[in-house]
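What follows is model.cif (mmCIF, C-alpha atoms).
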data_run
loop_
_atom_site.label_atom_id
_atom_site.label_comp_id
_atom_site.auth_asym_id
_atom_site.auth_seq_id
_atom_site.Cartn_x
_atom_site.Cartn_y
_atom_site.Cartn_z
CA MET A 1 0.00 0.00 0.00
CA ALA A 2 1.40 3.31 -1.05
CA ASP A 3 1.64 6.22 1.34
CA THR A 4 -1.49 8.23 1.84
CA MET A 5 -2.19 11.93 2.07
CA GLN A 6 -5.04 14.11 3.20
CA PHE A 7 -7.61 15.00 0.55
CA ASP A 8 -10.33 17.64 0.93
CA LEU A 9 -12.97 18.53 -1.60
CA VAL A 10 -15.03 21.56 -0.68
CA SER A 11 -17.65 23.56 -2.50
CA PRO A 12 -18.97 26.91 -1.22
CA GLU A 13 -22.02 25.18 0.16
CA ARG A 14 -20.53 22.14 1.83
CA ARG A 15 -17.57 19.84 2.33
CA LEU A 16 -17.98 16.89 0.02
CA ALA A 17 -15.06 14.78 1.05
CA SER A 18 -12.27 14.69 3.56
CA LEU A 19 -10.27 11.49 3.69
CA LYS A 20 -6.88 9.82 3.32
CA VAL A 21 -6.11 8.88 -0.26
CA THR A 22 -3.26 7.49 -2.30
CA SER A 23 -3.67 9.60 -5.42
CA VAL A 24 -5.88 12.27 -6.92
CA GLN A 25 -6.31 12.96 -10.61
CA ILE A 26 -7.08 16.63 -11.16
CA PRO A 27 -8.49 18.21 -14.32
CA GLY A 28 -6.15 21.21 -14.38
CA ALA A 29 -6.64 24.16 -16.71
CA ASP A 30 -3.47 23.20 -18.60
CA GLY A 31 -4.11 19.46 -18.57
CA ASP A 32 -4.78 16.62 -16.20
CA MET A 33 -2.34 15.91 -13.44
CA THR A 34 -2.14 13.20 -10.83
CA ALA A 35 -1.00 14.15 -7.38
CA MET A 36 0.46 11.65 -4.95
CA GLU A 37 2.15 12.03 -1.64
CA GLY A 38 5.30 14.17 -1.88
CA HIS A 39 4.14 16.10 -4.95
CA SER A 40 5.79 19.49 -5.21
CA PRO A 41 3.51 22.25 -3.90
CA THR A 42 1.36 23.46 -6.78
CA ILE A 43 -1.70 25.59 -7.28
CA THR A 44 -3.69 25.11 -10.44
CA THR A 45 -7.04 26.29 -11.67
CA LEU A 46 -9.60 23.73 -12.75
CA ARG A 47 -11.37 23.20 -16.02
CA PRO A 48 -14.72 21.41 -16.06
CA GLY A 49 -13.91 17.75 -15.82
CA ILE A 50 -13.75 14.69 -13.67
CA LEU A 51 -11.80 14.56 -10.47
CA SER A 52 -10.78 11.03 -9.70
CA VAL A 53 -9.80 10.06 -6.18
CA ASP A 54 -8.09 6.79 -5.27
CA GLY A 55 -9.00 6.16 -1.69
CA PRO A 56 -9.04 3.28 0.78
CA ASP A 57 -12.49 2.20 -0.44
CA GLY A 58 -11.85 2.27 -4.16
CA THR A 59 -12.06 5.09 -6.66
CA ASN A 60 -14.44 7.98 -6.26
CA ASP A 61 -15.22 10.30 -9.14
CA TYR A 62 -16.55 13.83 -8.86
CA VAL A 63 -17.67 16.21 -11.56
CA VAL A 64 -16.15 19.62 -10.86
CA THR A 65 -16.34 23.01 -12.54
CA GLY A 66 -14.47 26.20 -11.78
CA GLY A 67 -12.18 26.74 -8.84
CA PHE A 68 -8.69 25.58 -8.03
CA ALA A 69 -6.65 22.83 -6.45
CA GLU A 70 -3.94 23.36 -3.89
CA ILE A 71 -1.39 20.58 -3.75
CA ARG A 72 0.94 20.36 -0.79
CA ALA A 73 3.44 17.65 0.00
CA ASP A 74 1.12 16.21 2.62
CA GLY A 75 -2.23 16.66 0.96
CA VAL A 76 -4.53 18.09 -1.66
CA SER A 77 -7.36 20.59 -1.23
CA VAL A 78 -9.72 21.08 -4.11
CA LEU A 79 -11.98 24.12 -3.97
CA ALA A 80 -14.59 23.75 -6.68
CA GLU A 81 -17.41 26.17 -7.34
CA ARG A 82 -19.57 23.25 -8.20
CA ALA A 83 -18.83 19.64 -7.34
CA VAL A 84 -21.17 16.69 -7.77
CA PRO A 85 -20.38 13.00 -7.16
CA LYS A 86 -20.29 11.38 -10.57
CA GLY A 87 -23.04 8.97 -9.66
CA ASP A 88 -25.41 11.84 -8.89
CA MET A 89 -24.70 13.59 -12.17
CA THR A 90 -27.73 13.52 -14.41
CA GLN A 91 -28.62 14.76 -17.84
CA GLU A 92 -30.45 17.71 -16.24
CA HIS A 93 -27.32 18.78 -14.38
CA LEU A 94 -25.31 18.71 -17.56
CA ASP A 95 -27.98 20.57 -19.50
CA GLU A 96 -28.01 23.25 -16.85
CA MET A 97 -24.24 23.61 -16.93
CA MET A 98 -24.19 23.59 -20.72
CA GLU A 99 -26.79 26.32 -20.74
CA GLU A 100 -24.62 28.47 -18.49
CA ALA A 101 -21.50 27.92 -20.54
CA LYS A 102 -23.40 28.77 -23.71
CA THR A 103 -24.71 32.04 -22.27
CA MET A 104 -21.20 32.91 -21.16
CA TYR A 105 -19.93 32.19 -24.65
CA SER A 106 -22.51 34.36 -26.38
CA ASN A 107 -22.03 37.13 -23.78
CA ALA A 108 -18.29 37.05 -24.34
CA LYS A 109 -18.81 37.22 -28.09
CA GLU A 110 -20.93 40.31 -27.72
CA ALA A 111 -18.84 42.05 -25.11
CA PHE A 112 -15.40 41.45 -26.57
CA GLU A 113 -15.80 41.71 -30.32
CA ASN A 114 -12.22 42.59 -31.07
CA GLU A 115 -10.48 40.73 -28.30
CA PRO A 116 -10.15 37.03 -28.95
CA GLY A 117 -8.96 36.19 -25.42
CA PRO A 118 -12.21 36.01 -23.42
CA VAL A 119 -14.13 34.56 -26.35
CA ASP A 120 -11.61 31.75 -26.73
CA ASP A 121 -11.77 31.09 -23.01
CA ALA A 122 -15.54 30.80 -23.12
CA ALA A 123 -15.36 28.58 -26.20
CA LYS A 124 -12.87 26.34 -24.43
CA LEU A 125 -15.14 26.14 -21.41
CA LEU A 126 -17.99 25.09 -23.66
CA SER A 127 -15.96 22.42 -25.45
CA ASP A 128 -14.66 21.14 -22.10
CA MET A 129 -18.24 20.68 -21.00
CA VAL A 130 -19.11 18.78 -24.16
CA ALA A 131 -16.06 16.54 -23.78
CA MET A 132 -16.93 15.87 -20.19
CA GLY A 133 -20.51 15.00 -21.09
CA GLU A 134 -19.43 12.57 -23.79
CA HIS A 135 -16.94 10.98 -21.45
CA MET A 136 -19.75 10.24 -19.04
CA GLY A 137 -22.06 8.88 -21.68
CA LEU A 138 -24.43 11.82 -21.52
CA THR A 139 -25.33 13.77 -24.61
CA ALA A 140 -24.49 17.44 -24.50
CA LYS A 141 -27.14 19.33 -26.41
CA GLN A 142 -25.48 21.71 -28.81
CA MET B 1 -70.43 47.91 33.30
CA ALA B 2 -68.91 48.09 29.79
CA ASN B 3 -65.46 48.38 31.27
CA LEU B 4 -65.41 44.72 32.27
CA LYS B 5 -66.25 43.58 28.78
CA ASP B 6 -63.56 45.84 27.31
CA LEU B 7 -60.95 44.38 29.60
CA LYS B 8 -61.97 40.87 28.71
CA ASN B 9 -61.62 41.62 25.00
CA ARG B 10 -58.26 43.23 25.56
CA ILE B 11 -56.99 40.18 27.42
CA SER B 12 -58.08 37.76 24.75
CA SER B 13 -56.55 39.93 22.03
CA VAL B 14 -53.19 40.10 23.81
CA LYS B 15 -53.39 36.36 24.38
CA SER B 16 -53.70 35.67 20.68
CA THR B 17 -50.86 38.08 19.95
CA ARG B 18 -48.73 36.14 22.38
CA LYS B 19 -49.57 32.93 20.57
CA ILE B 20 -48.41 34.45 17.28
CA THR B 21 -45.15 35.82 18.62
CA LYS B 22 -44.47 32.54 20.38
CA ALA B 23 -44.98 30.66 17.12
CA MET B 24 -42.75 33.10 15.24
CA GLN B 25 -40.06 32.65 17.84
CA MET B 26 -40.12 28.90 17.45
CA VAL B 27 -40.05 29.11 13.67
CA ALA B 28 -37.10 31.51 13.88
CA ALA B 29 -35.30 29.13 16.22
CA ALA B 30 -35.68 26.27 13.74
CA LYS B 31 -34.60 28.45 10.83
CA LEU B 32 -31.68 29.76 12.82
CA ARG B 33 -30.36 26.27 13.32
CA ARG B 34 -30.49 25.62 9.60
CA ALA B 35 -28.91 28.98 8.77
CA GLN B 36 -26.13 28.36 11.24
CA GLU B 37 -25.45 24.95 9.73
CA ALA B 38 -25.27 26.48 6.27
CA ALA B 39 -22.85 29.13 7.50
CA GLU B 40 -20.78 26.44 9.17
CA MET B 41 -20.63 24.38 5.97
CA SER B 42 -19.39 27.27 3.90
CA ARG B 43 -16.57 28.16 6.24
CA PRO B 44 -13.91 25.65 5.09
CA TYR B 45 -14.22 26.88 1.50
CA ALA B 46 -14.01 30.55 2.39
CA GLU B 47 -11.08 29.99 4.73
CA ARG B 48 -8.95 27.99 2.31
CA PHE B 49 -9.90 30.32 -0.52
CA ASN B 50 -8.79 33.39 1.38
CA ALA B 51 -5.57 31.72 2.54
CA VAL B 52 -4.56 30.87 -1.02
CA MET B 53 -5.64 34.27 -2.32
CA ALA B 54 -3.66 36.04 0.38
CA GLY B 55 -0.56 34.10 -0.64
CA LEU B 56 -1.11 34.90 -4.30
CA ALA B 57 -1.92 38.52 -3.66
CA ALA B 58 1.22 38.93 -1.59
CA SER B 59 3.45 37.63 -4.39
CA VAL B 60 1.75 39.39 -7.31
CA GLY B 61 0.31 42.41 -5.53
CA GLY B 62 3.33 44.66 -5.91
CA SER B 63 3.74 44.35 -9.64
CA ASP B 64 2.15 46.67 -12.17
CA SER B 65 0.47 43.81 -13.97
CA ALA B 66 -1.73 43.04 -10.97
CA PRO B 67 -5.41 42.87 -11.97
CA LYS B 68 -7.56 45.90 -11.24
CA LEU B 69 -9.74 43.91 -8.85
CA LEU B 70 -6.70 43.62 -6.59
CA SER B 71 -4.80 46.86 -7.12
CA GLY B 72 -7.80 49.11 -7.63
CA THR B 73 -8.39 51.62 -10.39
CA GLY B 74 -5.92 54.04 -8.90
CA SER B 75 -8.66 56.26 -7.56
CA ASP B 76 -11.21 56.05 -4.77
CA LYS B 77 -13.60 58.67 -6.02
CA VAL B 78 -16.72 56.62 -6.62
CA ASN B 79 -17.81 54.24 -3.88
CA LEU B 80 -20.33 51.47 -4.22
CA LEU B 81 -22.01 50.34 -1.03
CA VAL B 82 -23.57 46.91 -1.23
CA VAL B 83 -26.06 46.89 1.63
CA MET B 84 -27.43 43.46 2.45
CA THR B 85 -30.51 43.30 4.66
CA SER B 86 -33.47 41.01 5.15
CA GLU B 87 -36.60 40.62 3.06
CA ARG B 88 -38.90 40.49 6.09
CA GLY B 89 -39.39 42.68 9.09
CA LEU B 90 -40.17 41.89 12.71
CA CYS B 91 -36.59 41.16 13.56
CA GLY B 92 -35.74 43.83 16.09
CA GLY B 93 -32.98 46.28 15.23
CA PHE B 94 -31.35 43.97 12.70
CA ASN B 95 -32.00 45.98 9.54
CA THR B 96 -31.73 49.34 11.26
CA ASN B 97 -28.27 48.50 12.58
CA ILE B 98 -26.93 47.55 9.17
CA VAL B 99 -28.50 50.59 7.52
CA LYS B 100 -27.15 52.86 10.26
CA LYS B 101 -23.65 51.56 9.65
CA ALA B 102 -24.04 52.08 5.90
CA LYS B 103 -25.43 55.59 6.41
CA THR B 104 -22.52 56.62 8.65
CA HIS B 105 -20.12 55.32 6.04
CA ALA B 106 -21.96 57.13 3.26
CA GLN B 107 -21.96 60.38 5.22
CA GLU B 108 -18.21 60.15 5.82
CA LEU B 109 -17.61 59.59 2.12
CA LEU B 110 -19.90 62.41 1.07
CA ALA B 111 -18.24 64.73 3.57
CA ALA B 112 -14.89 63.85 2.02
CA GLY B 113 -16.26 64.93 -1.35
CA LYS B 114 -16.62 61.44 -2.79
CA GLU B 115 -19.39 59.97 -4.83
CA VAL B 116 -21.61 57.32 -3.31
CA LYS B 117 -23.66 54.68 -5.08
CA ILE B 118 -25.78 52.17 -3.24
CA LEU B 119 -26.80 48.69 -4.31
CA THR B 120 -29.32 47.09 -2.00
CA VAL B 121 -29.98 43.42 -1.41
CA GLY B 122 -33.16 42.76 0.53
CA LYS B 123 -36.13 45.09 0.50
CA LYS B 124 -36.09 46.21 4.15
CA GLY B 125 -32.79 48.03 3.75
CA ARG B 126 -33.95 49.55 0.51
CA ASP B 127 -37.07 50.98 2.16
CA GLN B 128 -34.99 52.59 4.88
CA LEU B 129 -32.34 53.98 2.57
CA LYS B 130 -34.88 55.35 0.12
CA ARG B 131 -35.79 58.10 2.56
CA ASP B 132 -32.39 59.79 2.71
CA TYR B 133 -30.41 58.37 -0.17
CA ALA B 134 -32.95 57.86 -2.94
CA ASP B 135 -30.69 59.60 -5.47
CA HIS B 136 -27.79 57.29 -4.68
CA LEU B 137 -29.59 54.00 -5.16
CA VAL B 138 -28.35 52.37 -8.35
CA GLY B 139 -29.83 48.93 -8.11
CA HIS B 140 -31.65 46.35 -6.09
CA VAL B 141 -31.44 42.59 -5.82
CA ASP B 142 -34.62 40.84 -4.79
CA LEU B 143 -34.26 37.59 -2.88
CA THR B 144 -37.89 37.32 -1.77
CA GLU B 145 -38.44 34.19 -3.83
CA VAL B 146 -35.34 32.46 -2.52
CA LYS B 147 -36.16 29.80 0.05
CA ARG B 148 -32.70 28.42 0.57
CA LEU B 149 -29.66 30.53 -0.16
CA SER B 150 -27.39 28.95 -2.71
CA TYR B 151 -24.05 29.93 -4.13
CA ALA B 152 -25.79 30.76 -7.40
CA ASP B 153 -27.60 33.65 -5.66
CA ALA B 154 -24.26 35.09 -4.55
CA GLN B 155 -22.88 34.58 -8.04
CA GLY B 156 -25.78 36.57 -9.45
CA ILE B 157 -25.04 39.52 -7.17
CA ALA B 158 -21.31 39.24 -7.84
CA LYS B 159 -21.96 39.30 -11.58
CA ASP B 160 -23.97 42.48 -11.17
CA VAL B 161 -21.23 44.12 -9.10
CA LEU B 162 -18.43 43.00 -11.41
CA GLY B 163 -20.37 44.16 -14.46
CA ARG B 164 -20.61 47.62 -12.96
CA PHE B 165 -16.93 47.56 -12.08
CA ASP B 166 -15.91 46.59 -15.60
CA ALA B 167 -18.10 49.37 -16.94
CA GLY B 168 -16.15 51.78 -14.74
CA GLU B 169 -19.12 52.76 -12.63
CA PHE B 170 -17.21 52.72 -9.35
CA ASP B 171 -13.71 52.39 -7.86
CA VAL B 172 -14.27 50.90 -4.44
CA ALA B 173 -16.95 48.46 -3.30
CA THR B 174 -17.85 47.83 0.31
CA LEU B 175 -20.12 45.10 1.56
CA PHE B 176 -22.46 45.69 4.52
CA TYR B 177 -23.93 42.81 6.49
CA ALA B 178 -24.37 41.67 10.06
CA GLU B 179 -21.97 39.16 11.50
CA PHE B 180 -23.61 36.52 13.65
CA VAL B 181 -22.00 36.41 17.09
CA ASN B 182 -24.82 34.78 19.03
CA VAL B 183 -28.58 34.97 19.33
CA VAL B 184 -28.59 38.28 21.18
CA SER B 185 -25.70 39.92 19.40
CA GLN B 186 -25.24 40.61 15.68
CA VAL B 187 -22.52 43.03 14.72
CA PRO B 188 -22.91 45.07 11.53
CA GLN B 189 -19.81 44.78 9.38
CA ALA B 190 -18.31 46.82 6.56
CA GLN B 191 -16.04 44.75 4.35
CA GLN B 192 -14.18 46.09 1.36
CA ILE B 193 -14.44 43.62 -1.54
CA ILE B 194 -13.05 45.66 -4.43
CA PRO B 195 -10.10 46.20 -4.49
CA ALA B 196 -9.72 42.93 -2.62
CA LYS B 197 -8.13 43.00 0.80
CA PHE B 198 -6.78 40.00 2.58
CA GLU B 199 -5.80 39.49 6.16
CA ASP B 200 -2.09 39.33 6.80
CA ALA B 201 -2.39 36.37 9.13
CA ALA B 202 -2.60 33.95 6.24
CA GLU B 203 0.54 35.35 4.64
CA ASP B 204 2.92 33.61 6.99
CA GLU B 205 1.58 30.26 5.97
CA GLY B 206 1.89 31.12 2.30
CA ALA B 207 5.45 32.29 2.75
CA THR B 208 6.67 29.01 4.23
CA THR B 209 5.63 26.93 1.22
CA LEU B 210 6.75 27.94 -2.22
CA PHE B 211 4.08 26.94 -4.70
CA ASP B 212 4.34 26.19 -8.38
CA TYR B 213 1.56 27.88 -10.27
CA GLU B 214 -0.15 26.43 -13.27
CA PRO B 215 -0.90 28.45 -15.41
CA SER B 216 0.93 31.60 -14.28
CA GLU B 217 0.29 33.39 -10.99
CA GLU B 218 -1.31 36.28 -12.83
CA ALA B 219 -3.65 34.02 -14.77
CA ILE B 220 -4.76 32.22 -11.63
CA LEU B 221 -5.30 35.48 -9.82
CA ALA B 222 -7.31 36.89 -12.70
CA ASP B 223 -9.45 33.77 -12.66
CA LEU B 224 -9.91 33.66 -8.91
CA LEU B 225 -10.49 37.31 -8.03
CA PRO B 226 -14.02 37.45 -9.49
CA ARG B 227 -14.77 34.20 -7.65
CA GLY B 228 -13.43 35.84 -4.50
CA VAL B 229 -16.09 38.54 -4.81
CA ALA B 230 -18.78 35.88 -5.07
CA THR B 231 -17.32 33.99 -2.11
CA ALA B 232 -17.29 37.13 0.04
CA ILE B 233 -20.88 37.93 -0.91
CA PHE B 234 -21.94 34.35 -0.22
CA SER B 235 -20.42 34.33 3.27
CA GLY B 236 -22.02 37.71 3.89
CA LEU B 237 -25.41 36.42 2.83
CA LEU B 238 -25.13 33.36 5.05
CA GLU B 239 -23.99 35.38 8.06
CA ASN B 240 -26.87 37.73 7.40
CA ALA B 241 -29.38 34.90 7.22
CA ALA B 242 -28.23 33.51 10.55
CA SER B 243 -28.18 37.00 12.11
CA GLU B 244 -31.67 37.77 10.85
CA GLN B 245 -33.13 34.64 12.42
CA GLY B 246 -31.21 35.24 15.63
CA ALA B 247 -32.45 38.81 15.84
CA ARG B 248 -36.00 37.73 15.09
CA MET B 249 -35.83 35.03 17.70
CA SER B 250 -34.76 37.38 20.48
CA ALA B 251 -37.19 40.09 19.32
CA MET B 252 -40.06 37.61 19.39
CA ASP B 253 -38.91 36.24 22.74
CA ASN B 254 -39.14 39.75 24.16
CA ALA B 255 -42.51 40.30 22.56
CA THR B 256 -43.83 37.07 24.03
CA ARG B 257 -42.61 38.04 27.48
CA ASN B 258 -44.10 41.52 27.21
CA ALA B 259 -47.41 40.05 26.16
CA GLY B 260 -47.27 37.78 29.22
CA ASP B 261 -46.65 40.75 31.53
CA MET B 262 -49.47 42.66 29.90
CA ILE B 263 -51.86 39.77 30.35
CA ASP B 264 -50.95 39.55 34.05
CA ASN B 265 -51.56 43.26 34.59
CA LEU B 266 -54.81 43.22 32.68
CA THR B 267 -56.04 40.17 34.58
CA ILE B 268 -55.36 41.88 37.91
CA GLU B 269 -57.19 44.96 36.70
CA TYR B 270 -60.06 42.82 35.46
CA ASN B 271 -60.39 40.99 38.78
CA ARG B 272 -60.26 44.26 40.74
CA SER B 273 -63.02 45.87 38.74
CA ARG B 274 -65.10 42.71 38.91
CA GLN B 275 -64.69 42.76 42.70
CA ALA B 276 -65.64 46.44 42.76
CA VAL B 277 -68.80 45.70 40.82
CA ILE B 278 -69.78 42.95 43.26
CA THR B 279 -69.09 45.18 46.28
CA ASN B 280 -71.16 47.91 44.72
CA GLU B 281 -74.06 45.57 44.15
CA LEU B 282 -73.84 44.32 47.75
CA ILE B 283 -73.87 47.88 49.11
CA GLU B 284 -76.95 48.62 47.02
CA ILE B 285 -78.75 45.53 48.29
CA ILE B 286 -77.82 46.19 51.94
CA SER B 287 -78.74 49.88 51.85
CA GLY B 288 -81.97 48.95 50.10
CA ALA B 289 -82.78 46.41 52.85
CA GLU B 290 -81.95 48.91 55.61
CA ALA B 291 -84.27 51.50 54.14
CA LEU B 292 -87.23 49.16 54.54
#
Please re-express this file's structure in structure tokens.
Amino acid sequence: MADTMQFDLVSPERRLASLKVTSVQIPGADGDMTAMEGHSPTITTLRPGILSVDGPDGTNDYVVTGGFAEIRADGVSVLAERAVPKGDMTQEHLDEMMEEAKTMYSNAKEAFENEPGPVDDAAKLLSDMVAMGEHMGLTAKQ
Amino acid sequence: MANLKDLKNRISSVKSTRKITKAMQMVAAAKLRRAQEAAEMSRPYAERFNAVMAGLAASVGGSDSAPKLLSGTGSDKVNLLVVMTSERGLCGGFNTNIVKKAKTHAQELLAAGKEVKILTVGKKGRDQLKRDYADHLVGHVDLTEVKRLSYADAQGIAKDVLGRFDAGEFDVATLFYAEFVNVVSQVPQAQQIIPAKFEDAAEDEGATTLFDYEPSEEAILADLLPRGVATAIFSGLLENAASEQGARMSAMDNATRNAGDMIDNLTIEYNRSRQAVITNELIEIISGAEAL
């Protein structure tokens, strides 16, 4: 058994998980990363995706959007604006999130006509959502 | 004598008032427990968030490239006061205390020749501020329909505030709400949210660990600062919800006790006048019998 570290997953409304785990796979803004005990201290922002936690009682998956992860040598804290256990994720949830991302995209397109930055960000957010939906076997309505 | 009947009516009316205030007190107590739990649940997020932000702000803060939400617009001319109060009354001095704090702040700013804009959340505060500061009100957020506060509500308010900031409508934003200390004490607070301020206490912790940042520090900060505004508003809303119920509970407790005292006094008065009536009648009968 590999060494364990403390893992906390908190959303603004509640603490979803706090336990000892062996590894955590984080959907970072610049790509997925897996953190294990002794990882160099890192802070990364999250993209919408699946957070996979390897704990004492098997693997737990959470759907997270927005927020950041703080990795220390002795543990990982993930602060997600929205976090739902994968099992509880339904088509309605995804539709709701897709709707939000789409509004953000169209708002960004209107507000920043000549600046590609924010529009690209919003487009990326939208495509991340779609990818996440497909990964989970749910259809993202376009 | 009509007086007796009046007293009787009075007593029964105060009795039903007492029943209502008693019920309101119990409802407030139940709601308070839930509000406190919600505030408790949100604390870990807010604490960790602020700790990380303080670390980030300390390392990026000095540079020129720091986002405007952190460094400010370079001026403090136009102030936005976000005044958060309750949607319902009958909660003692709760709303008045928050509004008083906001008014003092507004007066200071106006005296210093600055511009004041007010955004109200909750209709009770709006009603009170409308009297003196009607010209300064720029917006209102209605939470009447909200049964259970969620982060999305805070996000909505934050979006409104940030939209105004991006449009250059104000330079400094201050949040007004009541901090829940205990059932009898709620302290009105003024918290500056834009430009963001962080407590120094968390800095020491940040300084001991050197973090790698992915993407860059600036990018993370730019991403997190708007979320920080929403987080601050959310904690404010939750504190406010707990404070409101606490204030209502103690106000209704007092009301119930007052009603009890009133009933006691009225009952004594009622008994006295009833006795007086009987004595009177007896005197009449006796003097009538003597005259025979």
Contact set, chain A to chain B: 10 Å, all atoms listed in the file, as a count of residues only: 34
Explicit residues for the PyMOL selection byres ((chain B and resi 245) around 9) (as a PyMOL selection string): chain B and resi 27-33+35+91+183+240-244+246-250
Name the residues captured by the PyMOL selection byres ((chain B and resi 186-199) around 8) when it is applied to the shown file; answer as a short mmCIF file (atom, residue, chain, number, x, y, z; two decimals) with C-alpha atoms, in the coordinates of the input.
data_model
loop_
_atom_site.label_atom_id
_atom_site.label_comp_id
_atom_site.auth_asym_id
_atom_site.auth_seq_id
_atom_site.Cartn_x
_atom_site.Cartn_y
_atom_site.Cartn_z
CA ASN B 50 -8.79 33.39 1.38
CA MET B 53 -5.64 34.27 -2.32
CA ALA B 54 -3.66 36.04 0.38
CA LYS B 68 -7.56 45.90 -11.24
CA LEU B 69 -9.74 43.91 -8.85
CA LEU B 70 -6.70 43.62 -6.59
CA SER B 71 -4.80 46.86 -7.12
CA GLY B 72 -7.80 49.11 -7.63
CA PHE B 94 -31.35 43.97 12.70
CA ASN B 97 -28.27 48.50 12.58
CA ILE B 98 -26.93 47.55 9.17
CA LYS B 101 -23.65 51.56 9.65
CA ALA B 102 -24.04 52.08 5.90
CA ASP B 171 -13.71 52.39 -7.86
CA VAL B 172 -14.27 50.90 -4.44
CA ALA B 173 -16.95 48.46 -3.30
CA THR B 174 -17.85 47.83 0.31
CA LEU B 175 -20.12 45.10 1.56
CA PHE B 176 -22.46 45.69 4.52
CA TYR B 177 -23.93 42.81 6.49
CA ALA B 178 -24.37 41.67 10.06
CA GLU B 179 -21.97 39.16 11.50
CA PHE B 180 -23.61 36.52 13.65
CA VAL B 181 -22.00 36.41 17.09
CA ASN B 182 -24.82 34.78 19.03
CA VAL B 183 -28.58 34.97 19.33
CA VAL B 184 -28.59 38.28 21.18
CA SER B 185 -25.70 39.92 19.40
CA ASP B 200 -2.09 39.33 6.80
CA ALA B 201 -2.39 36.37 9.13
CA ALA B 202 -2.60 33.95 6.24
CA GLU B 203 0.54 35.35 4.64
CA LEU B 225 -10.49 37.31 -8.03
CA VAL B 229 -16.09 38.54 -4.81
CA ALA B 232 -17.29 37.13 0.04
CA SER B 243 -28.18 37.00 12.11
CA ALA B 247 -32.45 38.81 15.84
#
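Picture a line from atom CA of B:Ala259 to atom CA of B:Val14; it runs 6.2 Å.
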Distance of atom CA of A:Asp74 from atom CA of A:Tyr62, expressed in Å to one decimal place: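 Between atom CA of A:Tyr62 and atom CA of A:Asp74 the gap works out to 21.2 Å.
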Interatomic distance (Å, one decimal) between atom CA of B:Lys147 and atom CA of B:Glu87: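 Atom CA of B:Lys147 sits 11.2 Å away from atom CA of B:Glu87.
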Residues selected by the PyMOL selection byres ((chain A and resi 4) around 12), written as JSON, numbers by chain: {"A": [1, 2, 3, 5, 6, 7, 19, 20, 21, 22, 23, 24, 35, 36, 37, 38, 39, 53, 54, 55, 56, 73, 74, 75, 76]}
Protein and nucleic acid residues near (-64.3, 44.7, 29.8) (cut-off 12 Å, all atoms listed in the file) as a ChimeraX atom specification: /B:1-13,266-267,269-274,277
